[in-house]
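Chemist: Enclosed is the structure file work35.cif (mmCIF, C-alpha atoms and all ligand atoms).
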```cif
data_data
#
loop_
_atom_site.label_atom_id
_atom_site.label_comp_id
_atom_site.auth_asym_id
_atom_site.auth_seq_id
_atom_site.Cartn_x
_atom_site.Cartn_y
_atom_site.Cartn_z
CA MET A 1 23.88 -14.01 -10.11
CA SER A 2 22.66 -10.57 -11.04
CA TYR A 3 21.65 -8.24 -8.22
CA LYS A 4 18.81 -5.78 -8.46
CA ASN A 5 19.68 -2.12 -8.33
CA PHE A 6 16.77 -0.37 -6.66
CA PRO A 7 15.95 3.32 -6.55
CA MET A 8 14.70 4.76 -3.27
CA VAL A 9 12.62 7.72 -2.21
CA SER A 10 14.94 10.67 -2.95
CA ARG A 11 13.95 12.89 -0.06
CA VAL A 12 12.09 12.33 3.17
CA MET A 13 11.02 14.63 5.96
CA PHE A 14 9.89 13.31 9.36
CA GLY A 15 8.21 15.02 12.29
CA ARG A 16 4.95 16.04 13.90
CA GLY A 17 3.74 19.13 12.07
CA SER A 18 6.18 18.69 9.17
CA PHE A 19 3.18 18.86 6.82
CA ASN A 20 3.31 22.63 7.39
CA GLN A 21 6.45 22.72 5.26
CA LEU A 22 4.88 21.19 2.17
CA ASP A 23 4.56 24.49 0.33
CA GLU A 24 8.15 25.46 1.05
CA ILE A 25 9.35 22.08 -0.25
CA ILE A 26 7.44 22.02 -3.50
CA SER A 27 7.55 25.67 -4.53
CA ALA A 28 11.06 25.18 -5.92
CA LYS A 29 9.58 22.54 -8.24
CA ARG A 30 7.00 24.80 -9.83
CA LYS A 31 7.67 25.08 -13.54
CA GLY A 32 5.39 28.05 -14.28
CA ARG A 33 1.93 29.56 -14.00
CA GLU A 34 0.38 27.14 -16.44
CA THR A 35 1.86 24.04 -14.84
CA PRO A 36 -0.12 23.36 -11.67
CA PHE A 37 0.37 21.16 -8.66
CA ILE A 38 -2.38 18.59 -8.49
CA TYR A 39 -3.33 17.29 -5.05
CA TYR A 40 -5.11 13.96 -4.71
CA VAL A 41 -6.58 14.01 -1.20
CA ASP A 42 -8.52 11.25 0.58
CA ASP A 43 -12.13 12.43 0.64
CA VAL A 44 -12.28 11.74 4.37
CA PHE A 45 -10.54 15.16 4.63
CA LYS A 46 -13.16 17.06 2.63
CA GLY A 47 -14.22 19.99 4.83
CA ASN A 48 -11.42 19.24 7.29
CA HIS A 49 -10.03 22.72 7.81
CA TRP A 50 -7.20 21.52 10.06
CA LEU A 51 -5.68 19.68 7.12
CA THR A 52 -6.86 21.49 4.00
CA SER A 53 -6.05 25.00 5.22
CA ARG A 54 -2.41 24.00 5.04
CA ILE A 55 -2.58 23.24 1.32
CA SER A 56 -1.88 26.54 -0.37
CA LEU A 57 -3.20 26.69 -3.90
CA SER A 58 -1.73 29.18 -6.39
CA TYR A 59 -2.32 29.80 -10.08
CA LYS A 60 -4.04 26.73 -11.48
CA ASP A 61 -3.34 24.31 -8.64
CA LYS A 62 -6.17 21.95 -7.89
CA ILE A 63 -7.37 19.58 -5.18
CA ILE A 64 -9.09 16.38 -6.32
CA TYR A 65 -10.86 14.48 -3.55
CA VAL A 66 -10.59 10.73 -3.92
CA PRO A 67 -13.24 8.30 -2.68
CA THR A 68 -11.66 5.32 -0.93
CA ALA A 69 -14.51 2.83 -0.69
CA GLU A 70 -12.83 0.84 -3.46
CA GLU A 71 -9.20 0.22 -4.31
CA PRO A 72 -7.84 1.95 -7.42
CA LYS A 73 -8.64 0.61 -10.87
CA THR A 74 -6.60 1.06 -14.01
CA SER A 75 -9.64 2.65 -15.70
CA GLN A 76 -9.86 5.20 -12.87
CA ILE A 77 -6.20 6.16 -13.35
CA ASP A 78 -6.73 6.55 -17.09
CA GLU A 79 -9.70 8.85 -16.39
CA TYR A 80 -7.75 11.01 -13.95
CA VAL A 81 -4.96 11.39 -16.50
CA GLU A 82 -7.41 12.17 -19.30
CA ASP A 83 -9.06 14.83 -17.13
CA LEU A 84 -5.72 16.55 -16.53
CA ILE A 85 -4.81 16.45 -20.20
CA LEU A 86 -8.15 17.99 -21.17
CA GLU A 87 -8.19 20.65 -18.46
CA PHE A 88 -4.60 21.93 -18.61
CA SER A 89 -2.53 23.05 -21.54
CA GLU A 90 0.68 21.82 -19.94
CA ARG A 91 1.75 18.89 -17.83
CA PRO A 92 1.56 19.51 -14.07
CA SER A 93 4.63 20.57 -12.10
CA GLY A 94 3.89 17.87 -9.59
CA ILE A 95 1.41 15.35 -8.24
CA ILE A 96 0.86 15.19 -4.48
CA GLY A 97 -0.97 12.33 -2.78
CA ILE A 98 -2.35 12.87 0.74
CA GLY A 99 -4.05 9.84 2.25
CA GLY A 100 -3.78 6.10 2.78
CA GLY A 101 -2.41 3.42 0.48
CA ILE A 102 -5.16 4.04 -2.06
CA VAL A 103 -4.38 7.72 -2.52
CA LEU A 104 -0.61 7.20 -2.47
CA ASP A 105 -0.96 4.58 -5.20
CA ILE A 106 -3.18 6.88 -7.25
CA ALA A 107 -0.64 9.71 -7.03
CA LYS A 108 2.14 7.38 -8.15
CA ALA A 109 0.15 5.93 -11.02
CA VAL A 110 -1.10 9.28 -12.34
CA SER A 111 2.42 10.72 -12.27
CA LEU A 112 3.65 7.75 -14.31
CA MET A 113 0.82 7.78 -16.81
CA LEU A 114 1.20 11.49 -17.57
CA THR A 115 4.53 10.77 -19.25
CA ASN A 116 3.89 7.30 -20.66
CA PRO A 117 1.56 6.65 -23.58
CA GLY A 118 -1.35 4.21 -23.62
CA GLU A 119 -3.39 2.67 -20.83
CA SER A 120 -2.23 1.92 -17.33
CA LYS A 121 -3.23 -1.74 -17.58
CA ASP A 122 -0.44 -2.22 -20.11
CA TYR A 123 2.12 -1.31 -17.46
CA GLN A 124 0.97 -3.74 -14.75
CA GLY A 125 3.92 -6.00 -14.15
CA TRP A 126 7.64 -5.49 -13.74
CA ASP A 127 9.73 -2.80 -15.41
CA LEU A 128 7.43 -1.99 -18.31
CA VAL A 129 7.52 1.78 -17.76
CA LYS A 130 9.76 3.61 -20.26
CA ASN A 131 9.75 7.27 -19.21
CA PRO A 132 10.39 8.96 -15.86
CA ALA A 133 7.26 10.14 -14.02
CA ILE A 134 6.19 13.69 -13.20
CA TYR A 135 7.61 14.89 -9.84
CA HIS A 136 5.49 13.20 -7.18
CA VAL A 137 5.11 13.60 -3.45
CA GLY A 138 3.57 11.14 -0.97
CA ILE A 139 2.09 12.15 2.38
CA PRO A 140 0.61 9.20 4.29
CA THR A 141 -2.26 9.83 6.71
CA ILE A 142 -2.54 6.24 7.96
CA SER A 143 0.34 3.85 8.65
CA GLY A 144 1.06 0.31 7.58
CA THR A 145 1.06 -0.34 3.84
CA GLY A 146 4.60 0.81 3.10
CA ALA A 147 3.21 2.35 -0.10
CA GLU A 148 5.08 5.53 0.84
CA VAL A 149 8.40 3.79 0.28
CA SER A 150 7.72 1.05 -2.27
CA ARG A 151 8.48 0.88 -6.00
CA THR A 152 4.99 -0.29 -6.90
CA THR A 153 1.47 1.06 -7.27
CA ILE A 154 -1.16 -1.65 -6.94
CA LEU A 155 -4.04 -1.45 -9.39
CA THR A 156 -6.97 -3.64 -10.29
CA GLY A 157 -7.16 -4.03 -14.04
CA PRO A 158 -9.62 -5.88 -16.26
CA GLU A 159 -7.64 -9.09 -15.91
CA ARG A 160 -5.72 -8.88 -12.68
CA LYS A 161 -4.79 -7.03 -9.56
CA LEU A 162 -1.12 -6.29 -10.01
CA GLY A 163 1.32 -3.49 -9.35
CA ILE A 164 3.12 -1.23 -11.77
CA ASN A 165 6.60 -2.04 -10.47
CA SER A 166 9.24 0.25 -11.88
CA ASP A 167 12.25 2.38 -11.09
CA TYR A 168 10.12 5.47 -11.75
CA THR A 169 7.36 4.54 -9.31
CA PRO A 170 8.91 5.60 -5.95
CA PHE A 171 8.10 9.07 -4.68
CA ASP A 172 10.57 11.91 -5.22
CA GLN A 173 9.58 13.30 -1.86
CA VAL A 174 7.79 11.86 1.18
CA ILE A 175 6.58 13.80 4.18
CA LEU A 176 6.10 11.64 7.27
CA ASP A 177 3.97 13.63 9.70
CA PRO A 178 2.55 11.17 12.25
CA GLU A 179 0.15 13.82 13.52
CA LEU A 180 -1.85 13.37 10.31
CA THR A 181 -2.86 9.89 11.50
CA LYS A 182 -4.47 11.04 14.75
CA ASP A 183 -8.11 10.56 13.67
CA VAL A 184 -7.86 7.16 11.99
CA PRO A 185 -10.77 4.98 13.22
CA LYS A 186 -9.64 2.13 15.45
CA ASP A 187 -10.64 -0.81 13.26
CA GLN A 188 -8.96 0.73 10.22
CA TRP A 189 -5.86 1.54 12.31
CA PHE A 190 -5.70 -2.16 13.14
CA TYR A 191 -6.28 -3.48 9.59
CA THR A 192 -3.73 -1.19 7.95
CA GLY A 193 -1.27 -1.62 10.84
CA MET A 194 -1.57 -5.38 10.43
CA ASP A 195 -0.61 -5.00 6.77
CA CYS A 196 2.79 -3.94 8.12
CA PHE A 197 2.88 -6.77 10.65
CA VAL A 198 2.07 -9.30 7.93
CA HIS A 199 4.74 -7.81 5.63
CA CYS A 200 7.28 -8.49 8.38
CA VAL A 201 6.13 -12.03 9.13
CA GLU A 202 6.05 -12.97 5.45
CA SER A 203 9.42 -11.40 4.74
CA LEU A 204 11.17 -12.80 7.82
CA ASN A 205 9.82 -16.32 7.23
CA GLY A 206 10.43 -16.40 3.50
CA SER A 207 13.03 -18.27 1.50
CA TYR A 208 14.10 -14.99 -0.14
CA LEU A 209 15.26 -13.56 3.19
CA ASN A 210 18.64 -11.85 3.28
CA ALA A 211 20.40 -9.53 5.72
CA PHE A 212 19.06 -6.41 4.00
CA SER A 213 15.41 -7.46 4.34
CA GLN A 214 15.95 -8.98 7.74
CA SER A 215 17.38 -5.81 9.24
CA TYR A 216 14.35 -3.75 8.23
CA GLY A 217 11.87 -6.57 8.89
CA GLU A 218 13.08 -7.23 12.41
CA LYS A 219 12.88 -3.55 13.30
CA ALA A 220 9.34 -3.20 11.94
CA PHE A 221 8.28 -6.43 13.66
CA GLN A 222 9.60 -5.19 17.00
CA ILE A 223 7.81 -1.84 16.63
CA CYS A 224 4.54 -3.58 15.71
CA LYS A 225 4.74 -5.67 18.86
CA GLU A 226 5.37 -2.54 20.89
CA VAL A 227 2.50 -0.62 19.31
CA PHE A 228 -0.09 -3.40 19.31
CA LEU A 229 0.81 -5.38 22.46
CA SER A 230 2.53 -3.18 25.02
CA ASP A 231 0.86 -0.66 27.32
CA ASN A 232 3.84 1.65 27.58
CA LEU A 233 3.23 4.07 24.73
CA ASN A 234 1.09 7.16 24.70
CA ALA A 235 -0.98 7.94 21.60
CA GLU A 236 1.62 10.22 20.04
CA GLU A 237 4.48 7.79 20.55
CA ALA A 238 2.38 5.02 19.05
CA GLN A 239 1.58 7.17 15.98
CA ASP A 240 5.25 8.11 15.50
CA LYS A 241 6.43 4.55 15.85
CA LEU A 242 3.82 2.94 13.62
CA MET A 243 4.69 5.37 10.84
CA MET A 244 8.31 4.24 11.03
CA ALA A 245 7.28 0.58 11.23
CA SER A 246 5.38 1.02 7.96
CA TRP A 247 8.48 2.51 6.34
CA HIS A 248 10.72 -0.31 7.55
CA GLY A 249 8.19 -2.98 6.62
CA GLY A 250 8.06 -1.56 3.09
CA MET A 251 11.86 -1.53 2.90
CA SER A 252 11.97 -5.13 4.09
CA ILE A 253 9.83 -6.44 1.24
CA ALA A 254 11.67 -4.32 -1.34
CA TYR A 255 14.48 -6.85 -1.33
CA SER A 256 12.39 -9.95 -0.61
CA GLN A 257 8.71 -10.75 -1.09
CA VAL A 258 5.44 -11.15 0.72
CA GLY A 259 3.79 -14.56 1.05
CA VAL A 260 0.66 -16.64 1.56
CA ALA A 261 -1.55 -14.00 3.18
CA HIS A 262 -0.95 -11.53 0.36
CA ALA A 263 -1.45 -14.11 -2.38
CA MET A 264 -4.79 -15.19 -0.97
CA SER A 265 -5.86 -11.68 0.01
CA TYR A 266 -5.41 -10.57 -3.60
CA GLY A 267 -7.93 -13.28 -4.53
CA LEU A 268 -10.45 -11.94 -2.00
CA GLY A 269 -9.81 -8.41 -3.21
CA PHE A 270 -10.22 -9.21 -6.89
CA LEU A 271 -13.43 -11.24 -6.58
CA LEU A 272 -15.18 -9.75 -3.53
CA GLY A 273 -13.66 -6.26 -3.38
CA ILE A 274 -12.42 -6.88 0.16
CA LYS A 275 -9.80 -4.22 0.86
CA HIS A 276 -6.15 -5.06 1.33
CA GLY A 277 -5.73 -4.53 5.08
CA LEU A 278 -8.94 -6.29 6.09
CA GLY A 279 -8.37 -9.06 3.53
CA ASN A 280 -4.90 -9.74 4.94
CA CYS A 281 -6.37 -10.01 8.44
CA ILE A 282 -9.14 -12.39 7.31
CA VAL A 283 -6.60 -14.64 5.59
CA PHE A 284 -3.78 -14.40 8.11
CA ASP A 285 -6.07 -15.52 10.95
CA HIS A 286 -6.14 -18.99 9.30
CA LEU A 287 -2.48 -19.42 8.39
CA GLU A 288 -1.17 -21.19 11.50
CA GLU A 289 0.39 -23.95 9.42
CA PHE A 290 2.53 -21.47 7.50
CA TYR A 291 3.29 -18.88 10.16
CA PRO A 292 2.60 -20.42 13.61
CA ASP A 293 4.34 -17.78 15.75
CA GLY A 294 3.12 -14.82 13.71
CA VAL A 295 -0.49 -16.01 13.76
CA LYS A 296 -0.34 -16.55 17.51
CA LEU A 297 0.83 -12.97 18.04
CA PHE A 298 -1.78 -11.72 15.58
CA LYS A 299 -4.55 -13.39 17.59
CA GLU A 300 -3.23 -11.76 20.77
CA MET A 301 -3.28 -8.35 19.10
CA LYS A 302 -6.77 -8.93 17.76
CA GLN A 303 -8.02 -9.82 21.20
CA LYS A 304 -6.28 -6.96 22.96
CA HIS A 305 -7.98 -4.45 20.66
CA ASN A 306 -11.37 -6.22 20.51
CA ILE A 307 -11.29 -6.62 16.76
CA GLU A 308 -14.06 -8.77 15.29
CA LEU A 309 -13.22 -9.95 11.79
CA PRO A 310 -16.00 -10.83 9.34
CA LYS A 311 -16.66 -14.56 9.14
CA GLY A 312 -17.88 -16.79 6.34
CA VAL A 313 -16.95 -14.37 3.55
CA CYS A 314 -16.59 -17.34 1.16
CA ALA A 315 -19.49 -19.38 2.54
CA ASN A 316 -21.92 -18.88 -0.33
CA LEU A 317 -19.60 -18.81 -3.31
CA GLU A 318 -20.01 -20.93 -6.44
CA ASP A 319 -17.24 -23.20 -7.73
CA GLU A 320 -16.48 -20.77 -10.57
CA GLU A 321 -15.97 -18.01 -8.02
CA PHE A 322 -13.51 -20.10 -6.03
CA ASP A 323 -11.72 -20.77 -9.31
CA ILE A 324 -11.34 -17.04 -9.96
CA MET A 325 -9.84 -16.42 -6.52
CA ILE A 326 -7.59 -19.45 -6.77
CA ASP A 327 -6.37 -18.36 -10.23
CA VAL A 328 -5.47 -14.92 -8.89
CA ALA A 329 -3.69 -16.38 -5.86
CA LEU A 330 -1.75 -19.01 -7.80
CA SER A 331 -0.66 -16.52 -10.46
CA LEU A 332 1.48 -14.77 -7.84
CA GLU A 333 4.26 -17.32 -8.16
CA PRO A 334 7.09 -15.39 -6.47
CA LEU A 335 4.95 -15.04 -3.33
CA TRP A 336 4.46 -18.80 -3.09
CA GLU A 337 8.06 -19.53 -3.89
CA ASN A 338 9.11 -17.15 -1.14
CA ALA A 339 6.65 -18.63 1.35
CA VAL A 340 6.95 -22.34 0.64
CA GLY A 341 10.12 -22.80 -1.42
CA LYS A 342 11.01 -23.82 -4.97
CA ASN A 343 8.78 -26.89 -4.91
CA TRP A 344 5.67 -25.06 -3.76
CA LYS A 345 3.53 -26.55 -6.51
CA GLU A 346 3.72 -29.95 -4.82
CA THR A 347 1.78 -28.79 -1.76
CA ILE A 348 -0.12 -25.69 -2.86
CA THR A 349 -2.90 -27.33 -4.85
CA ARG A 350 -6.24 -25.85 -5.91
CA LYS A 351 -7.96 -28.16 -3.45
CA LYS A 352 -5.76 -26.90 -0.63
CA LEU A 353 -6.53 -23.26 -1.43
CA LYS A 354 -10.25 -23.93 -1.68
CA ALA A 355 -10.20 -25.60 1.74
CA LEU A 356 -8.42 -22.55 3.18
CA TYR A 357 -10.83 -20.08 1.55
CA LEU A 358 -13.75 -22.09 2.93
CA LYS A 359 -12.48 -21.50 6.47
CA MET A 360 -12.64 -17.73 5.97
P1 LIG B 1 -7.02 3.13 2.47
O1 LIG B 1 -6.17 3.97 1.63
O2 LIG B 1 -8.24 2.50 1.91
O3 LIG B 1 -7.44 3.94 3.76
C1 LIG B 1 -8.24 3.27 4.70
C2 LIG B 1 -9.34 4.14 5.23
O4 LIG B 1 -8.79 5.02 6.18
C3 LIG B 1 -10.04 4.98 4.18
O5 LIG B 1 -11.43 4.91 4.39
C4 LIG B 1 -9.53 6.38 4.47
O6 LIG B 1 -10.51 7.34 4.14
C5 LIG B 1 -9.28 6.33 5.94
N1 LIG B 1 -8.26 7.27 6.42
C6 LIG B 1 -7.00 7.44 5.95
N2 LIG B 1 -6.35 8.36 6.68
C7 LIG B 1 -7.21 8.78 7.62
C8 LIG B 1 -7.12 9.72 8.69
N3 LIG B 1 -5.97 10.36 8.96
N4 LIG B 1 -8.21 9.92 9.47
C9 LIG B 1 -9.36 9.23 9.25
N5 LIG B 1 -9.49 8.32 8.26
C10 LIG B 1 -8.44 8.10 7.47
O7 LIG B 1 -6.22 1.90 3.13
P2 LIG B 1 -4.72 1.51 3.34
O8 LIG B 1 -4.79 0.27 4.14
O9 LIG B 1 -3.88 2.63 3.80
O10 LIG B 1 -4.24 1.17 1.88
C11 LIG B 1 -4.72 0.06 1.16
C12 LIG B 1 -4.35 0.26 -0.28
O11 LIG B 1 -2.94 0.32 -0.39
C13 LIG B 1 -4.79 -0.87 -1.19
O12 LIG B 1 -5.31 -0.32 -2.38
C14 LIG B 1 -3.54 -1.66 -1.43
O13 LIG B 1 -3.53 -2.33 -2.66
C15 LIG B 1 -2.50 -0.58 -1.39
N6 LIG B 1 -1.16 -1.02 -1.01
C16 LIG B 1 -0.14 -0.56 -1.74
C17 LIG B 1 1.15 -0.93 -1.45
C18 LIG B 1 2.28 -0.41 -2.27
O14 LIG B 1 3.42 -0.76 -2.01
N7 LIG B 1 2.03 0.41 -3.25
C19 LIG B 1 1.42 -1.77 -0.37
C20 LIG B 1 0.35 -2.24 0.39
C21 LIG B 1 -0.95 -1.84 0.06
ZN ZN B 2 0.41 -5.50 2.08
#
```
Would you mind writing the structure in this file as structure tokens?
Ligand code: NAD
Ligand code: ZN
Modeler:
Amino acid sequence: MSYKNFPMVSRVMFGRGSFNQLDEIISAKRKGRETPFIYYVDDVFKGNHWLTSRISLSYKDKIIYVPTAEEPKTSQIDEYVEDLILEFSERPSGIIGIGGGIVLDIAKAVSLMLTNPGESKDYQGWDLVKNPAIYHVGIPTISGTGAEVSRTTILTGPERKLGINSDYTPFDQVILDPELTKDVPKDQWFYTGMDCFVHCVESLNGSYLNAFSQSYGEKAFQICKEVFLSDNLNAEEAQDKLMMASWHGGMSIAYSQVGVAHAMSYGLGFLLGIKHGLGNCIVFDHLEEFYPDGVKLFKEMKQKHNIELPKGVCANLEDEEFDIMIDVALSLEPLWENAVGKNWKETITRKKLKALYLKM
């Protein structure tokens, strides 16, 4: 038995208003006048003085606003990297991502691809990255994905949707400022928050479970219940707590795996472009047979917050389209093994997955 030796986020700051200290934190990392800090910022913050006035640009520093209608593609990462190489004579001092899972993943991927040759699609998988990344900082503005703490950056490539999982992927610095999440629209708050809830359910009910994952998973699960089902928290407490749930949920899956909802949601994402949080919700709603207690709680949360999920997203698909989704889902073998056990192939057939997709 060989145990995995995981890196973690090296430094983390937590607190409402801690974003104000960004400049103080990173200035020690500046290498020189020609080596800028590059900020990837969710374009929802364009023109948002409250946030952007606290980013202080010096020398050649630059803000790049990132559209988030679609999840990141390997080609998009390659373009961002190419742009930096063409515009600047030297490699940046640091890459800073400010936004949701999309922007955090973009910041991670760009920082990796600045020091590793070739195209980002060639690094999708496990431990294919050779060189350490550029210094990179993650600042989440919505809670749930765990992308702020994970050792992956999930990208859609020409052939698959798969993470670049490596020891160099985790952020060097994370700033957890729950105040940054105050204007997240309610539906999106629910979808991304449920990503965390689903991480916990899949981790806690998986065959890979161990005390490490369980300790983080149980904590995140408890916080999710508090945030989404109790009436005892004010808005600020709920923001603070959900940010920590996301962190713990991410830690929980570091040493285990996700499961059925993620496998099938990746299929929806790859074929139909349905985003991760929403896709997980659409799938999870129909997974009673795998996660009876979790799905029951999920339905309570959905009702409490009046969330209407899209229906019939697979209703008009052709057989070949089902095949594409099923191929993507089945290729994620560790997820199925975690969810169903070593002999998962006996019960998880193509027919079974098609029947499930048809319910969605
Ligand atoms: P997202 O990044 O798409 O953000 C969701 C929406 O919320 C966007 O429209 C964004 O503009 C908006 N938003 C974000 N912060 C806001 C704020 N403070 N105020 C108002 N609006 C705000 O969604 P997400 O659910 O955070 O992330 C999903 C992405 O994360 C997917 O690409 C998924 O693959 C990835 N992911 C990565 C990991 C990982 O470990 N790397 C884990 C899970 C998911
Ligand atoms: Zn997820």
Chemist: Please, which residues are within 8 Å of (-5.0, -6.6, 8.7) by the file's coordinates, counting all atoms listed in the file, and could they come as a list in words?
Modeler: Phe190, Tyr191, Thr192, Gly193, Met194, Asp195, Val198, His276, Gly277, Leu278, Gly279, Asn280, Cys281, Ile282 and Phe284 of chain A
Chemist: Compare A:Glu333, A:Asp323, A:Asp172, A:Asp105 by their minimum atom-to-atom distance to ligand LIG 1 (chain B), counting all atoms listed in the file, and give me the closest one.
Modeler: A:Asp105
Chemist: I want to know what sits within 10 Å of A:Val41, based on all atoms listed in the file, with residues of the same chain fewer than 4 positions away left out; could you give that as a PDB file with C-alpha atoms, in the coordinates of the input?
Modeler:
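The result, stored in part-v3.pdb:
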```pdb
ATOM      1  CA  PHE A  45     -10.540  15.160   4.630  1.00  0.00           C
ATOM      2  CA  LYS A  46     -13.160  17.060   2.630  1.00  0.00           C
ATOM      3  CA  THR A  52      -6.860  21.490   4.000  1.00  0.00           C
ATOM      4  CA  ILE A  63      -7.370  19.580  -5.180  1.00  0.00           C
ATOM      5  CA  ILE A  64      -9.090  16.380  -6.320  1.00  0.00           C
ATOM      6  CA  TYR A  65     -10.860  14.480  -3.550  1.00  0.00           C
ATOM      7  CA  VAL A  66     -10.590  10.730  -3.920  1.00  0.00           C
ATOM      8  CA  PRO A  67     -13.240   8.300  -2.680  1.00  0.00           C
ATOM      9  CA  ILE A  96       0.860  15.190  -4.480  1.00  0.00           C
ATOM     10  CA  GLY A  97      -0.970  12.330  -2.780  1.00  0.00           C
ATOM     11  CA  ILE A  98      -2.350  12.870   0.740  1.00  0.00           C
ATOM     12  CA  GLY A  99      -4.050   9.840   2.250  1.00  0.00           C
ATOM     13  CA  GLY A 100      -3.780   6.100   2.780  1.00  0.00           C
ATOM     14  CA  VAL A 103      -4.380   7.720  -2.520  1.00  0.00           C
ATOM     15  CA  LEU A 104      -0.610   7.200  -2.470  1.00  0.00           C
ATOM     16  CA  ILE A 106      -3.180   6.880  -7.250  1.00  0.00           C
ATOM     17  CA  ALA A 107      -0.640   9.710  -7.030  1.00  0.00           C
ATOM     18  CA  ILE A 139       2.090  12.150   2.380  1.00  0.00           C
ATOM     19  CA  THR A 141      -2.260   9.830   6.710  1.00  0.00           C
TER      20      THR A 141
END
```
Chemist: Neighbours of ligand ZN 2 (chain B) at 10 Å or closer, counting all atoms listed in the file: which residues, as a ChimeraX atom specification?
Modeler: /A:101,144-147,154,192-200,202,249-250,253,258-259,261-263,265-266,276-277,279-280
Chemist: Which polymer residues have any atom within 7 Å of an atom of stretch 3-14 of chain A, counting only C-alpha atoms, with same-chain residues fewer than 2 positions away left out, as a list in words?
Modeler: Met1, Ser18, Val149, Asp167, Pro170, Phe171, Asp172, Gln173, Val174, Ile175, Leu176 and Asp177 of chain A
Chemist: In Å, how far is it from atom CA of A:Lys225 to atom CA of A:Phe290?
Modeler: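 Computing it gives 19.6 Å between the two atoms.
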Chemist: What does the structure give for the distance between atom CA of A:Ala315 and atom CA of A:Thr349, in Å to one decimal?
Modeler: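 Atom-to-atom, atom CA of A:Ala315 and atom CA of A:Thr349 are spaced 19.8 Å apart.
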Chemist: Can I get stretch 293-309 of chain A with N, CA and C atoms filled in, as a PDB file, in the coordinates of the input?
Modeler:
```pdb
ATOM      1  N   ASP A 293       4.062 -18.798  14.729  1.00  0.00           N
ATOM      2  CA  ASP A 293       4.340 -17.780  15.750  1.00  0.00           C
ATOM      3  C   ASP A 293       3.667 -16.449  15.416  1.00  0.00           C
ATOM      4  N   GLY A 294       3.728 -16.083  14.140  1.00  0.00           N
ATOM      5  CA  GLY A 294       3.120 -14.820  13.710  1.00  0.00           C
ATOM      6  C   GLY A 294       1.610 -14.828  13.931  1.00  0.00           C
ATOM      7  N   VAL A 295       0.972 -15.943  13.625  1.00  0.00           N
ATOM      8  CA  VAL A 295      -0.490 -16.010  13.760  1.00  0.00           C
ATOM      9  C   VAL A 295      -0.875 -15.964  15.246  1.00  0.00           C
ATOM     10  N   LYS A 296      -0.058 -16.587  16.077  1.00  0.00           N
ATOM     11  CA  LYS A 296      -0.340 -16.550  17.510  1.00  0.00           C
ATOM     12  C   LYS A 296      -0.296 -15.091  18.027  1.00  0.00           C
ATOM     13  N   LEU A 297       0.734 -14.373  17.632  1.00  0.00           N
ATOM     14  CA  LEU A 297       0.830 -12.970  18.040  1.00  0.00           C
ATOM     15  C   LEU A 297      -0.337 -12.151  17.481  1.00  0.00           C
ATOM     16  N   PHE A 298      -0.675 -12.425  16.221  1.00  0.00           N
ATOM     17  CA  PHE A 298      -1.780 -11.720  15.580  1.00  0.00           C
ATOM     18  C   PHE A 298      -3.072 -11.901  16.390  1.00  0.00           C
ATOM     19  N   LYS A 299      -3.322 -13.123  16.824  1.00  0.00           N
ATOM     20  CA  LYS A 299      -4.550 -13.390  17.590  1.00  0.00           C
ATOM     21  C   LYS A 299      -4.533 -12.646  18.931  1.00  0.00           C
ATOM     22  N   GLU A 300      -3.344 -12.543  19.525  1.00  0.00           N
ATOM     23  CA  GLU A 300      -3.230 -11.760  20.770  1.00  0.00           C
ATOM     24  C   GLU A 300      -3.566 -10.284  20.525  1.00  0.00           C
ATOM     25  N   MET A 301      -3.041  -9.769  19.420  1.00  0.00           N
ATOM     26  CA  MET A 301      -3.280  -8.350  19.100  1.00  0.00           C
ATOM     27  C   MET A 301      -4.760  -8.099  18.834  1.00  0.00           C
ATOM     28  N   LYS A 302      -5.354  -9.031  18.104  1.00  0.00           N
ATOM     29  CA  LYS A 302      -6.770  -8.930  17.760  1.00  0.00           C
ATOM     30  C   LYS A 302      -7.605  -8.881  19.033  1.00  0.00           C
ATOM     31  N   GLN A 303      -7.260  -9.755  19.958  1.00  0.00           N
ATOM     32  CA  GLN A 303      -8.020  -9.820  21.200  1.00  0.00           C
ATOM     33  C   GLN A 303      -7.831  -8.568  22.043  1.00  0.00           C
ATOM     34  N   LYS A 304      -6.578  -8.138  22.130  1.00  0.00           N
ATOM     35  CA  LYS A 304      -6.280  -6.960  22.960  1.00  0.00           C
ATOM     36  C   LYS A 304      -7.083  -5.737  22.499  1.00  0.00           C
ATOM     37  N   HIS A 305      -7.289  -5.634  21.180  1.00  0.00           N
ATOM     38  CA  HIS A 305      -7.980  -4.450  20.660  1.00  0.00           C
ATOM     39  C   HIS A 305      -9.439  -4.727  20.299  1.00  0.00           C
ATOM     40  N   ASN A 306      -9.959  -5.869  20.746  1.00  0.00           N
ATOM     41  CA  ASN A 306     -11.370  -6.220  20.510  1.00  0.00           C
ATOM     42  C   ASN A 306     -11.776  -6.115  19.046  1.00  0.00           C
ATOM     43  N   ILE A 307     -10.970  -6.671  18.187  1.00  0.00           N
ATOM     44  CA  ILE A 307     -11.290  -6.620  16.760  1.00  0.00           C
ATOM     45  C   ILE A 307     -12.078  -7.870  16.378  1.00  0.00           C
ATOM     46  N   GLU A 308     -13.242  -7.656  15.788  1.00  0.00           N
ATOM     47  CA  GLU A 308     -14.060  -8.770  15.290  1.00  0.00           C
ATOM     48  C   GLU A 308     -13.923  -8.808  13.775  1.00  0.00           C
ATOM     49  N   LEU A 309     -13.337  -9.859  13.250  1.00  0.00           N
ATOM     50  CA  LEU A 309     -13.220  -9.950  11.790  1.00  0.00           C
ATOM     51  C   LEU A 309     -14.485 -10.581  11.218  1.00  0.00           C
TER      52      LEU A 309
END
```
